[in-house]
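In what follows, a structure is listed as structure tokens, so that the remarks can point back to it.
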There are 2 protein chains.
Amino acid sequence: MEPREAYRELTDRGREIAYLSSLGSLAAWDQRTYIPKKGHAHRALAMATASRIIHQKATDPRIGELLAAVEGSPLMEDPDVAANVRAWRRDYDRATKVPESLAVEIAEAASRGESAWAELRKKNDWQGFVPYLKRNIELKKAYAEAVGYEEEVYDALLEDFEQGLRTRALVPLFAELKGPAVELVRRIKEAPNKPPVEILHRHYPKASQEAFILEVLPELGYDLEAGRLDETAHPFASRIHPGDVRITTRYFEDFFNAAFFGSVHEAGHAMYGQGLPEEHWGTPLGESVSLGVHESQSRMWENLVARSPEFWRRYLPRAREHFEALRDVSPEEFAFAVNEVRPSLIRVEADEVTYNLHILLRFELELALFRDELKVEDLPEAWDQKMEAYLGIRPRNYAEGVMQDVHWSFGAFGYFPTYTLGNIYAAQLFAAAERELGPLPPRFEAGEFAPLLSWLREKVHRHGRRFEPAELIAKASGEPPSTRYLLDYLSQKFEALYGLT
Amino acid sequence: MEPREAYRELTDRGREIAYLSSLGSLAAWDQRTYIPKKGHAHRALAMATASRIIHQKATDPRIGELLAAVEGSPLMEDPDVAANVRAWRRDYDRATKVPESLAVEIAEAASRGESAWAELRKKNDWQGFVPYLKRNIELKKAYAEAVGYEEEVYDALLEDFEQGLRTRALVPLFAELKGPAVELVRRIKEAPNKPPVEILHRHYPKASQEAFILEVLPELGYDLEAGRLDETAHPFASRIHPGDVRITTRYFEDFFNAAFFGSVHEAGHAMYGQGLPEEHWGTPLGESVSLGVHESQSRMWENLVARSPEFWRRYLPRAREHFEALRDVSPEEFAFAVNEVRPSLIRVEADEVTYNLHILLRFELELALFRDELKVEDLPEAWDQKMEAYLGIRPRNYAEGVMQDVHWSFGAFGYFPTYTLGNIYAAQLFAAAERELGPLPPRFEAGEFAPLLSWLREKVHRHGRRFEPAELIAKASGEPPSTRYLLDYLSQKFEALYGLT
């Protein structure tokens, strides 16, 4: 086969799969926003049908033949071709190594596990959940054996979410973080200053929240002509296709943070989606590189930008025009309030500092499970002990402890670490951007967000999957992933806010 | 191949196609409601991708083999199996008779023609439009030769929209309608009573219109838990899948009719969709039978129900709670206003009586074109002469004459007749329902719409594509399609309203 012809066919097939996926993404967005009540059963089947067709197309033996025709040909001297072919080969090999019977078993166990979890958690029924969890772990071990790994089972799981990441690299990275984070939480608990959090629980009318969000997001760089904001129960961002990257949020009239910071978070994801190179749509160069890098974008805009005191020096006066509740509030008071650090049991409600400890706990437990150093039966006690050790609090029941997250119920092991990787990457990228552009928070106060976004477009977004995540971070920031920048950022910011010395 | 096994595979394949189509329908709905501006280019390509995959699957030679394995087997004694296999066979043969190259040419000419039309109509440029129209006609003739026909080319085009309908049957049906309709329009023009149409152009706030519509539609029987109402530029109904049949509308604050009657019209389509048998989803027995029958449902609810004086005796007092503008208006005045008959140039704005004349005109011209009795160049003059003869008015330009409709620009010849067929079927079905249930308008005044809807569910909706359209109408009403009921309905209603004797 002529390599150029083969590459063209690979691209065409990639686009076909991408367009089918885009219809699946739209269906998922609709399922969580506008679908009528009685549409759910068929929607799930429609989406499963699309997934099955996509899987068939992605594992078609023809792909293997086409890849073989390009690999080793002079066409690989073109760096775009080489990057796409490498990524396609990696994906194709991983997908075709999993026997169809195992893939079906995993999907069914995931679906059953998630449904069971939703019911069992309500009843605080850990014993009922144990067999589902065991089944998921067993199947994921079989999956790891099928796709293969260099050193340990858990590597195969990480690889699904963060290409190239190995347990060997992740363990020391997270270990560096733990001591200082625990210590910072302890010091904050005893700090002289206390954030005026009552402010956040005043009355914030929903329509005003939406108007304020829609005023702020375009200034950050989220293009509303290539996106939109809708309401949902569990917020998410969805890249349907280039030119259509949507976000969702939920409103509480008695709590400011949820909709606003949630929307900025999702807009961070969406700006990454809007910044992916459209000319590579349908090929790996047009795709986001990993969950960790994706999370670095959302976290950066949510925390390093929108939770900075300088941000509120600009936006608090603007917010006052929307909210009566903010009449007597200063930018400094508000910025302190939205940065409250308080150990809590629930991950999704955690602040910037304690959040990473929630993740470290889950990572350590997952790793112990997959190294057979921990039995599923012993998970609740291990969970509670770690909560006590890291945050000084203990769950009163399973629902607010080991059963709080949906992830394990559908077999997503190796996923949690990407949240903290996102924080690590965010701080490291932000520091690198500041080295090139000068201090950024003063720019935020002046309403200048374009320099940061342009830098991210240039260093991160435009590359798609050209590099592995760690390589991308190293190229963008000048060094491999390191916890230094996150630790520096957290201690400087929170020591200043809380008056620690 | 074992017939039962073959039939099961046909069903599975049918469902797969139906689910893919449902994603296409959702994408089309979104494209006309919520899509962001920059999402359009990729959306069109995503939908084209889905269509191509659906076409491939629908024309897969395997379908032919599976059909052959069931046909002639004892399984065909099961009437459900026989009905599905007959419809599948008919669709498969038609689809596979069109060479791929011709199908592509038709699709491209349609797309180019529609784009050109949108621009040329603005400029009133008939000469510019001629080549596109000629190309569409030429390709549709080739299409007719490919799929085949018994008597004439136009039959092959009708067959696409109204299975089993032949020109030979349609010509006399429409001829019966023309004389009386022209005469009724003439008499109304000279009638003593004039409808108080000023009422309709008072101030109707959009939010109140929406609230009123959402109050009325569920009472008619449109299930909002299996549907929703959104705003769009060109209203439509969309059956995405069972349990999700959506409608759209558009609001004018200075004209009551558009949103209200438009919504009832679309809800009529949607109630048909909601009434199709879910257990047959993915097979012909779960599909609507034809455009004409679909239109009979929308027209019946819009005109025979919601434009009846009795309907407004119930709903005008309710409407007064929403609209200040209706304070001093009686149900009788309002019912007369919404039934104004006035010859106008634009089909989509036409009333119940003149509408059919707009259709007859188009049908006669289409037929003449495909019988080579009329040249494209002579179309505008022929159009204007017929407008003069049937409605007594002449277009001042092409845009409000021969170029007003989109249909011909994308090659949809044979489509227009289904609008008037819908009116004919609607009146005939309504009369049959009244023979069984007694006079219906008094029931409407009492808010009883369920008897009519149940009758339609039983006689029309639940059959899916079990019968050909004319056969379905005959079974439901006891006689073949006839214009008698439409003519009786129109003359009785409008003679009463306009005080004709």
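Scheme for the structure tokens: letters A, B, ... for chains in order shown; per-chain residue numbers from 1; ligand numbers from 1 in order shown.
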Shell of 7 Å around A:Asn124, only C-alpha atoms, local chain residues under 3 positions omitted, as a count of residues only
5
Tell me the residues of chain B close to chain A, meaning within 9 Å using only C-alpha atoms, as an MDAnalysis selection string.
chainID B and resid 16 18:20 22:24 26:27 30 34:43 45:47 49:50 224:228 240:246
Those same residues - N, CA, C and O atoms - I'd like them written as a compact mmCIF listing (two decimals), in the first residue's frame.
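Dumped everything to part38.txt:
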# COMPACT_ATOMS: atom_id res chain seq x y z
N GLU B 16 -29.97 -0.92 15.36
CA GLU B 16 -28.70 -0.20 15.29
C GLU B 16 -28.86 1.05 14.42
O GLU B 16 -28.44 2.15 14.78
N ALA B 18 -31.64 2.57 13.71
CA ALA B 18 -32.57 3.50 14.36
C ALA B 18 -31.87 4.31 15.44
O ALA B 18 -32.11 5.51 15.59
N TYR B 19 -30.99 3.67 16.20
CA TYR B 19 -30.28 4.41 17.25
C TYR B 19 -29.30 5.43 16.64
O TYR B 19 -29.18 6.55 17.13
N LEU B 20 -28.63 5.01 15.57
CA LEU B 20 -27.76 5.97 14.89
C LEU B 20 -28.59 7.15 14.36
O LEU B 20 -28.20 8.31 14.50
N SER B 22 -31.31 8.21 15.54
CA SER B 22 -31.79 9.03 16.65
C SER B 22 -30.72 10.05 17.06
O SER B 22 -31.04 11.17 17.44
N LEU B 23 -29.46 9.66 16.96
CA LEU B 23 -28.39 10.62 17.26
C LEU B 23 -28.34 11.71 16.19
O LEU B 23 -28.08 12.87 16.49
N GLY B 24 -28.61 11.33 14.96
CA GLY B 24 -28.70 12.32 13.88
C GLY B 24 -29.86 13.28 14.11
O GLY B 24 -29.73 14.48 13.91
N LEU B 26 -31.20 14.07 16.99
CA LEU B 26 -30.85 14.96 18.11
C LEU B 26 -29.91 16.06 17.62
O LEU B 26 -30.06 17.23 17.98
N ALA B 27 -28.94 15.68 16.78
CA ALA B 27 -27.99 16.66 16.26
C ALA B 27 -28.71 17.71 15.42
O ALA B 27 -28.37 18.89 15.46
N ASP B 30 -30.61 20.02 17.80
CA ASP B 30 -29.67 20.94 18.43
C ASP B 30 -29.20 22.02 17.46
O ASP B 30 -29.04 23.18 17.82
N TYR B 34 -29.98 25.06 19.95
CA TYR B 34 -29.00 25.52 20.93
C TYR B 34 -27.55 25.58 20.46
O TYR B 34 -26.69 26.01 21.18
N ILE B 35 -27.27 25.14 19.28
CA ILE B 35 -25.88 25.07 18.82
C ILE B 35 -25.23 26.46 18.83
O ILE B 35 -25.86 27.44 18.42
N PRO B 36 -24.00 26.57 19.30
CA PRO B 36 -23.34 27.87 19.19
C PRO B 36 -22.95 28.15 17.72
O PRO B 36 -22.78 27.23 16.93
N LYS B 37 -22.83 29.44 17.44
CA LYS B 37 -22.60 29.91 16.07
C LYS B 37 -21.47 29.18 15.35
O LYS B 37 -21.59 28.82 14.18
N LYS B 38 -20.37 29.00 16.06
CA LYS B 38 -19.20 28.41 15.40
C LYS B 38 -19.26 26.88 15.31
O LYS B 38 -18.31 26.24 14.87
N GLY B 39 -20.37 26.30 15.74
CA GLY B 39 -20.47 24.84 15.69
C GLY B 39 -21.06 24.30 14.40
O GLY B 39 -21.05 23.09 14.18
N HIS B 40 -21.56 25.22 13.54
CA HIS B 40 -22.33 24.75 12.39
C HIS B 40 -21.56 23.92 11.36
O HIS B 40 -22.05 22.90 10.88
N ALA B 41 -20.36 24.38 11.01
CA ALA B 41 -19.63 23.70 9.94
C ALA B 41 -19.38 22.23 10.30
O ALA B 41 -19.64 21.32 9.51
N HIS B 42 -18.90 22.02 11.53
CA HIS B 42 -18.62 20.63 11.92
C HIS B 42 -19.89 19.83 12.12
O HIS B 42 -19.91 18.62 11.89
N ARG B 43 -20.95 20.50 12.56
CA ARG B 43 -22.21 19.77 12.76
C ARG B 43 -22.70 19.17 11.45
O ARG B 43 -23.13 18.03 11.39
N LEU B 45 -20.97 18.27 8.96
CA LEU B 45 -20.13 17.12 8.61
C LEU B 45 -20.41 15.93 9.51
O LEU B 45 -20.38 14.77 9.06
N ALA B 46 -20.67 16.19 10.77
CA ALA B 46 -20.99 15.09 11.69
C ALA B 46 -22.27 14.40 11.25
O ALA B 46 -22.37 13.17 11.25
N MET B 47 -23.27 15.19 10.85
CA MET B 47 -24.53 14.62 10.42
C MET B 47 -24.38 13.86 9.10
O MET B 47 -24.98 12.80 8.90
N THR B 49 -21.69 12.37 8.17
CA THR B 49 -21.00 11.12 8.52
C THR B 49 -22.00 10.08 9.01
O THR B 49 -21.97 8.92 8.58
N ALA B 50 -22.89 10.50 9.89
CA ALA B 50 -23.90 9.56 10.40
C ALA B 50 -24.77 9.05 9.25
O ALA B 50 -25.05 7.85 9.16
N LEU B 224 -45.45 15.99 27.98
CA LEU B 224 -44.22 16.78 28.15
C LEU B 224 -43.12 16.02 28.89
O LEU B 224 -41.97 16.45 28.89
N GLU B 225 -43.47 14.90 29.49
CA GLU B 225 -42.40 14.08 30.08
C GLU B 225 -41.71 13.24 29.02
O GLU B 225 -40.70 12.60 29.27
N ALA B 226 -42.28 13.23 27.83
CA ALA B 226 -41.67 12.52 26.70
C ALA B 226 -41.45 13.51 25.55
O ALA B 226 -41.47 13.15 24.38
N GLY B 227 -41.26 14.77 25.93
CA GLY B 227 -41.06 15.79 24.91
C GLY B 227 -40.69 17.11 25.55
O GLY B 227 -40.55 17.19 26.77
N ARG B 228 -40.49 18.12 24.74
CA ARG B 228 -40.23 19.46 25.26
C ARG B 228 -40.50 20.48 24.17
O ARG B 228 -40.62 20.13 23.00
N ILE B 240 -36.88 11.81 18.42
CA ILE B 240 -35.50 11.39 18.59
C ILE B 240 -35.47 9.88 18.84
O ILE B 240 -34.77 9.14 18.18
N HIS B 241 -36.23 9.46 19.83
CA HIS B 241 -36.51 8.04 20.02
C HIS B 241 -37.73 7.95 20.91
O HIS B 241 -38.18 8.97 21.42
N PRO B 242 -38.29 6.76 21.10
CA PRO B 242 -39.50 6.69 21.93
C PRO B 242 -39.21 7.34 23.29
O PRO B 242 -38.14 7.14 23.85
N GLY B 243 -40.15 8.09 23.76
CA GLY B 243 -39.95 8.78 25.03
C GLY B 243 -39.29 10.13 24.86
O GLY B 243 -39.04 10.82 25.85
N ASP B 244 -38.98 10.53 23.65
CA ASP B 244 -38.31 11.81 23.42
C ASP B 244 -38.73 12.38 22.06
O ASP B 244 -38.04 12.19 21.07
N VAL B 245 -39.87 13.04 22.03
CA VAL B 245 -40.42 13.59 20.79
C VAL B 245 -40.65 15.09 21.02
O VAL B 245 -41.60 15.49 21.69
N ARG B 246 -39.75 15.89 20.47
CA ARG B 246 -39.71 17.31 20.82
C ARG B 246 -40.39 18.19 19.79
O ARG B 246 -40.44 17.85 18.61
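Distance-wise, atom CA of A:Leu173 and atom CA of A:Lys475 end up 18.5 Å apart.
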Spatial neighbours of A:Ala110, 12 Å, only C-alpha atoms, chain gap at least 5 places, as an MDAnalysis selection string
chainID A and resid 103:105 115:117 132:137 139:140 406:413
Contact residues around stretch 481-488 of chain B with only C-alpha atoms at 10 Å, ignoring same-chain residues under 4 positions, as a VMD selection string:
chain B and resid 169 to 170 172 to 178 180 to 181 184 353 420 to 421 423 to 432 469 to 474 477 492 to 493
Nearby residues (only C-alpha atoms) at most 9 Å from A:Ala87, same-chain spacing under 5 positions excluded, as a short mmCIF file (atom, residue, chain, number, x, y, z; two decimals) with N, CA and C atoms, in the first residue's frame:
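And here's out-v1.cif as it stands now:
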data_model
loop_
_atom_site.label_atom_id
_atom_site.label_comp_id
_atom_site.auth_asym_id
_atom_site.auth_seq_id
_atom_site.Cartn_x
_atom_site.Cartn_y
_atom_site.Cartn_z
N ALA A 82 4.37 11.41 12.06
CA ALA A 82 4.99 10.53 13.05
C ALA A 82 4.21 10.58 14.37
N TYR A 92 -4.41 1.67 19.08
CA TYR A 92 -4.88 0.48 18.37
C TYR A 92 -4.39 -0.78 19.07
N THR A 283 -7.65 13.54 14.36
CA THR A 283 -6.39 12.81 14.53
C THR A 283 -5.85 13.11 15.94
N PRO A 284 -4.91 12.31 16.44
CA PRO A 284 -4.39 12.54 17.80
C PRO A 284 -3.86 13.97 18.01
N LEU A 285 -3.31 14.58 16.98
CA LEU A 285 -2.79 15.95 17.15
C LEU A 285 -3.90 16.95 17.43
N ARG A 465 -1.95 15.82 21.08
CA ARG A 465 -1.24 14.67 21.67
C ARG A 465 0.15 14.49 21.07
N ARG A 466 0.77 15.59 20.66
CA ARG A 466 2.10 15.46 20.04
C ARG A 466 3.12 14.85 20.99
#
Check stretch 127-167 of chain A with DSSP on the backbone and list each residue it calls alpha helix (DSSP H), as a PyMOL selection string.
chain A and resi 127-147+153-161+167
What's the 10 Å shell around stretch 325-332 of chain A, counting only C-alpha atoms, without same-chain residues fewer than 5 positions away, as number ranges by chain?
A: 196, 199-205, 308-317, 319-320, 337, 497
Give me, as a list in words, all polymer residues having an atom no more than 8 Å from B:His322, counting only C-alpha atoms and skipping those fewer than 5 positions away in the same chain.
Ser208, Gln209, Ala211 and Phe212 of chain B
Export of prior selection with all heavy atoms as a compact mmCIF listing (two decimals), in the first residue's frame:
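Dumped to selection-v2.txt:
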# COMPACT_ATOMS: atom_id res chain seq x y z
N SER B 208 -45.74 34.85 28.20
CA SER B 208 -47.13 34.45 28.40
C SER B 208 -47.57 33.47 27.33
O SER B 208 -48.33 32.53 27.59
CB SER B 208 -48.05 35.68 28.36
OG SER B 208 -47.59 36.66 29.24
N GLN B 209 -47.12 33.70 26.11
CA GLN B 209 -47.45 32.75 25.04
C GLN B 209 -46.92 31.36 25.39
O GLN B 209 -47.63 30.36 25.29
CB GLN B 209 -46.84 33.20 23.70
CG GLN B 209 -47.47 34.43 23.10
CD GLN B 209 -47.04 34.62 21.64
OE1 GLN B 209 -47.20 33.74 20.81
NE2 GLN B 209 -46.48 35.78 21.34
N ALA B 211 -46.17 30.13 28.31
CA ALA B 211 -46.90 29.57 29.46
C ALA B 211 -48.26 29.02 29.02
O ALA B 211 -48.68 27.94 29.45
CB ALA B 211 -47.06 30.63 30.54
N PHE B 212 -48.94 29.77 28.16
CA PHE B 212 -50.26 29.33 27.69
C PHE B 212 -50.14 28.04 26.86
O PHE B 212 -50.89 27.08 27.05
CB PHE B 212 -50.91 30.46 26.87
CG PHE B 212 -52.29 30.14 26.37
CD1 PHE B 212 -53.30 29.75 27.23
CD2 PHE B 212 -52.58 30.24 25.01
CE1 PHE B 212 -54.59 29.46 26.76
CE2 PHE B 212 -53.86 29.95 24.53
CZ PHE B 212 -54.86 29.55 25.41
Based on the backbone DSSP call, show me all residues of stretch 94-330 of chain A assigned strand (DSSP E), as a VMD selection string.
chain A and resid 229 to 231 237 to 241 244 to 249
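Compared by their closest atoms to A:Gly128, and using only C-alpha atoms, the residues A:Gly113, A:Glu162, A:Gly273, A:Val348 rank with A:Gly113 nearest.
Taking atom CA of A:Pro3 as the reference point, atom CA of A:Ala68 is found at 8.9 Å.
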